[in-house]
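Student: Got a structure for you, questions after.
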Amino acid sequence: MSDSNQPQDFAPRKVRCPACAGTSLYSSTNPYRPFCSARCKGVDLGAWASEEFKLPDETPPDEPFGDPRLQ
Ligand SMILES: [Zn+2]
């Protein structure tokens, strides 16, 4: 009979850190959320940057959408 004062919106949630797959606290007390630490956040950002730079390199050059003369 005391369910009128539950701060569910402010309850910290535990999520999986995208970098190390460990437990991370998703709350305002964790400035690196959804990562668990500053190192994990930096690692993930670095990986993203490298992948973005790698993406155009791995794209096959024979895409059917790149040649307007085919139509
Ligand atoms: Zn982590």
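As shown in the structure tokens, the chain order sets the letters A, B, ...; within each chain, residues go from 1, and ligands are also counted from 1 in the order they appear.
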So which residues are near ligand 1, meaning at most 6 Å away with only C-alpha atoms and all ligand atoms counted, given back as a list in words?
Tutor: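 Using only C-alpha atoms and all ligand atoms, everything at most 6 Å from ligand 1 comes to Cys17, Ala19, Cys20, Gly22, Phe35, Cys36, Ser37 and Cys40 of chain A.
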Student: Please indicate the distance in Å from CA of Leu25 in chain A to CA of Gly42 in chain A, rounded to one decimal place.
Tutor: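 CA of Gly42 in chain A lies 16.9 Å from CA of Leu25 in chain A.
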Student: From the set A:Ser28, A:Pro34, A:Thr23, A:Lys41, which residue has the shortest atom-to-atom contact distance to Ala11 in chain A, counting only C-alpha atoms?
Tutor: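 Of A:Ser28, A:Pro34, A:Thr23, A:Lys41, the one nearest Ala11 in chain A is A:Ser28, counting only C-alpha atoms.
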